[in-house]
$ cat upload_21.cif   # mmCIF, C-alpha atoms
data_final
#
loop_
_atom_site.label_atom_id
_atom_site.label_comp_id
_atom_site.auth_asym_id
_atom_site.auth_seq_id
_atom_site.Cartn_x
_atom_site.Cartn_y
_atom_site.Cartn_z
CA MET A 1 94.65 60.20 -125.90
CA ALA A 2 94.72 56.89 -124.05
CA PRO A 3 91.76 56.10 -121.78
CA ARG A 4 92.35 56.81 -118.09
CA VAL A 5 90.46 55.46 -115.11
CA TYR A 6 90.09 57.72 -112.10
CA ARG A 7 88.70 56.01 -108.99
CA ASN A 8 87.79 59.42 -107.58
CA LEU A 9 85.02 59.53 -110.22
CA ASP A 10 83.23 56.62 -108.52
CA GLU A 11 79.68 57.24 -107.29
CA ILE A 12 78.92 58.28 -103.71
CA PHE A 13 79.39 55.21 -101.56
CA ALA A 14 76.05 54.46 -99.87
CA GLY A 15 77.71 52.43 -97.11
CA GLU A 16 75.23 50.12 -95.40
CA TYR A 17 72.62 51.00 -98.04
CA GLU A 18 74.80 50.20 -101.06
CA GLY A 19 72.73 48.42 -103.70
CA MET A 20 69.39 49.69 -102.36
CA THR A 21 67.07 52.02 -104.29
CA TYR A 22 65.84 55.28 -102.76
CA ASP A 23 62.40 53.71 -102.37
CA GLU A 24 63.88 50.71 -100.51
CA ILE A 25 65.81 53.01 -98.18
CA LYS A 26 62.68 55.08 -97.57
CA ALA A 27 60.61 51.98 -96.76
CA THR A 28 63.25 50.26 -94.61
CA PHE A 29 64.91 53.27 -92.93
CA PRO A 30 62.37 56.13 -92.97
CA ASP A 31 64.31 58.25 -90.44
CA GLU A 32 67.46 58.08 -92.58
CA ALA A 33 65.44 58.98 -95.68
CA LYS A 34 64.04 62.05 -93.87
CA MET A 35 67.50 63.17 -92.76
CA ARG A 36 68.80 62.80 -96.33
CA ALA A 37 65.83 64.78 -97.68
CA MET A 38 66.49 67.61 -95.19
CA ASP A 39 70.21 67.94 -96.00
CA LYS A 40 71.17 66.12 -99.17
CA ILE A 41 74.50 67.95 -99.35
CA GLY A 42 75.69 67.12 -95.87
CA TYR A 43 73.91 63.82 -95.31
CA ARG A 44 76.37 60.95 -94.95
CA TYR A 45 75.09 57.42 -95.46
CA PRO A 46 75.87 55.15 -92.47
CA ARG A 47 79.44 53.98 -93.10
CA GLY A 48 79.23 55.78 -96.45
CA GLU A 49 79.81 59.17 -98.04
CA SER A 50 78.12 62.55 -98.44
CA TYR A 51 78.34 65.16 -101.20
CA LEU A 52 80.97 66.88 -99.03
CA ASP A 53 83.04 63.69 -99.01
CA LEU A 54 82.63 63.40 -102.76
CA LEU A 55 83.79 66.99 -103.21
CA SER A 56 86.90 66.16 -101.19
CA ARG A 57 87.47 63.09 -103.32
CA LEU A 58 87.26 65.17 -106.50
CA ASP A 59 89.94 67.60 -105.26
CA PRO A 60 92.84 65.76 -106.92
CA LEU A 61 90.98 65.81 -110.21
CA VAL A 62 91.02 69.59 -110.23
CA SER A 63 94.54 69.85 -108.81
CA MET A 64 93.64 71.60 -105.60
CA VAL A 65 96.86 70.74 -103.77
CA ASP A 66 98.09 74.33 -103.59
CA CYS A 67 94.82 75.71 -102.32
CA ALA A 68 95.00 75.70 -98.52
CA SER A 69 91.82 77.71 -98.00
CA ILE A 70 89.61 74.64 -98.29
CA THR A 71 88.71 73.01 -95.01
CA ASN A 72 88.78 69.24 -94.79
CA PRO A 73 85.14 68.19 -94.23
CA HIS A 74 86.31 65.29 -92.04
CA HIS A 75 87.52 67.77 -89.39
CA SER A 76 84.42 69.95 -89.20
CA THR A 77 80.79 69.13 -88.68
CA SER A 78 79.67 72.70 -89.29
CA LEU A 79 81.27 73.06 -92.70
CA ASP A 80 79.32 75.32 -95.03
CA PHE A 81 79.00 73.49 -98.35
CA GLU A 82 78.53 76.76 -100.27
CA SER A 83 81.83 78.11 -98.91
CA LEU A 84 83.64 74.85 -99.60
CA PHE A 85 82.43 74.69 -103.19
CA ALA A 86 83.15 78.40 -103.74
CA SER A 87 86.70 77.87 -102.48
CA TRP A 88 87.03 74.75 -104.63
CA HIS A 89 85.79 76.63 -107.67
CA ARG A 90 87.81 79.81 -106.96
CA CYS A 91 91.06 78.04 -106.12
CA SER A 92 90.92 75.65 -109.02
CA HIS A 93 90.78 78.59 -111.41
CA GLY A 94 94.17 79.68 -110.11
CA SER A 95 95.86 76.32 -110.56
CA VAL A 96 96.39 73.86 -113.35
CA HIS A 97 93.31 71.69 -113.67
CA GLU A 98 93.56 68.05 -114.52
CA LEU A 99 90.30 68.40 -116.43
CA GLU A 100 91.07 71.69 -118.08
CA SER A 101 94.67 70.86 -118.95
CA TYR A 102 93.68 68.70 -121.91
CA HIS A 103 93.88 70.34 -125.30
CA GLU A 104 91.73 67.73 -127.00
CA PRO A 105 88.17 66.56 -126.38
CA LEU A 106 87.64 64.92 -123.00
CA LEU A 107 84.94 62.34 -122.28
CA ILE A 108 83.97 61.77 -118.66
CA VAL A 109 81.97 58.63 -117.94
CA SER A 110 80.84 58.57 -114.35
CA HIS A 111 77.88 58.36 -112.01
CA GLN A 112 75.16 60.89 -111.36
CA ALA A 113 76.41 62.49 -108.13
CA VAL A 114 79.90 62.99 -109.58
CA LEU A 115 78.50 64.29 -112.85
CA ARG A 116 76.28 66.74 -110.97
CA LEU A 117 79.29 68.29 -109.23
CA VAL A 118 81.50 68.32 -112.33
CA TYR A 119 78.64 69.75 -114.42
CA CYS A 120 77.97 72.55 -111.91
CA TYR A 121 81.67 73.33 -111.76
CA LEU A 122 82.06 73.51 -115.55
CA MET A 123 78.84 75.48 -116.06
CA GLY A 124 79.62 77.98 -113.28
CA MET A 125 76.56 76.96 -111.25
CA THR A 126 76.38 76.99 -107.47
CA ARG A 127 77.07 73.80 -105.59
CA ALA A 128 73.72 74.16 -103.83
CA GLN A 129 72.15 73.27 -107.17
CA ALA A 130 74.20 70.08 -107.60
CA PRO A 131 72.40 67.56 -105.34
CA ARG A 132 69.00 68.12 -106.94
CA LEU A 133 70.19 68.60 -110.50
CA GLU A 134 68.74 65.96 -112.79
CA MET A 135 71.40 64.16 -114.78
CA PRO A 136 69.80 62.24 -117.63
CA LEU A 137 70.82 58.64 -118.15
CA HIS A 138 71.95 57.41 -121.57
CA THR A 139 72.86 60.94 -122.61
CA VAL A 140 76.09 62.56 -123.74
CA ILE A 141 76.36 66.16 -122.57
CA ARG A 142 78.91 68.09 -124.59
CA ILE A 143 80.18 71.25 -122.92
CA THR A 144 82.29 73.50 -125.08
CA TYR A 145 84.22 76.31 -123.45
CA ASP A 146 86.68 78.59 -125.24
CA GLY A 147 87.79 80.62 -122.22
CA TRP A 148 86.07 83.79 -123.37
CA ASN A 149 82.39 83.02 -123.82
CA PRO A 150 79.93 81.25 -121.53
CA PRO A 151 80.03 77.46 -121.84
CA LEU A 152 77.89 75.98 -124.60
CA GLU A 153 75.95 72.81 -123.78
CA GLU A 154 74.57 70.24 -126.23
CA ARG A 155 72.80 67.01 -125.27
CA PHE A 156 72.73 63.82 -127.31
CA TRP A 157 70.26 61.18 -126.18
CA LEU A 158 71.43 57.61 -126.80
CA GLY A 159 68.28 55.71 -125.69
CA PRO A 160 66.21 54.01 -124.27
CA ASP A 161 63.02 55.98 -123.59
CA PRO A 162 64.00 59.29 -121.92
CA ASN A 163 60.62 59.44 -120.12
CA ALA A 164 61.12 56.11 -118.36
CA ASP A 165 61.79 56.14 -114.61
CA ASP A 166 65.55 56.51 -114.13
CA GLY A 167 65.50 56.30 -110.32
CA GLN A 168 65.80 60.06 -109.83
CA ARG A 169 62.15 60.99 -109.68
CA ASN A 170 61.92 60.92 -105.89
CA LEU A 171 65.22 62.51 -104.96
#
$ encode --input "upload_21.cif" --output "structure tokens"
Amino acid sequence: MAPRVYRNLDEIFAGEYEGMTYDEIKATFPDEAKMRAMDKIGYRYPRGESYLDLLSRLDPLVSMVDCASITNPHHSTSLDFESLFASWHRCSHGSVHELESYHEPLLIVSHQAVLRLVYCYLMGMTRAQAPRLEMPLHTVIRITYDGWNPPLEERFWLGPDPNADDGQRNL
């Protein structure tokens, strides 16, 4: 299989805070940090994205075109993330998935927020778990699914020190 690049696998765009660490945002914009901590799923960085936006961006990856039951998060401020993810998960099972259409091993290299959502989707977890799920850096996570049994997960650490601060400690 030839490598493919999907721009919809890019990390959440932090808008005006792009390039800043969580600690820098907390020190410089404490009110924004508090709002993000209260609603990590729905919080949208100023001129940036939220997990809801990211979920919308991932739609084409799971071929959700035929699934009209998903509300566009840009048209609703009271969108329930649980319902959106449930619809995304439910509808994608009824259509041909870009991810699941491959009949050979598939390697996804992406950023933590994207990997959290894809991981939860593949492992059958709720989307409420995604924003706080720790995704280890420098690790290959192999998920094997045969269609009949629960998914099997194996992790392969590639280095450096797994106990070093990876920037996720204060999410």
$ residues_around --input "upload_21.cif" --residues "segment 14-31 of chain A" --least-positions-apart "4" --cutoff "6 Å" --atoms "all atoms listed in the file" --output "list of chain:residue names"
A:Tyr45, A:Pro46, A:Arg47, A:Gly48
$ residues_around --input "upload_21.cif" --residues "segment 125-133 of chain A" --least-positions-apart "2" --cutoff "6 Å" --atoms "only C-alpha atoms" --output "list in words"
Phe85, Arg116, Leu117, Cys120 and Met123 of chain A
$ closest_residue --input "upload_21.cif" --among "A:Leu158, A:Leu137, A:Leu152, A:Leu9" --to "Pro60 of chain A" --atoms "all atoms listed in the file"
A:Leu9
$ atom_distance --input "upload_21.cif" --atom1 "atom CA of Phe156 of chain A" --atom2 "atom CA of Arg4 of chain A"
22.8 Å
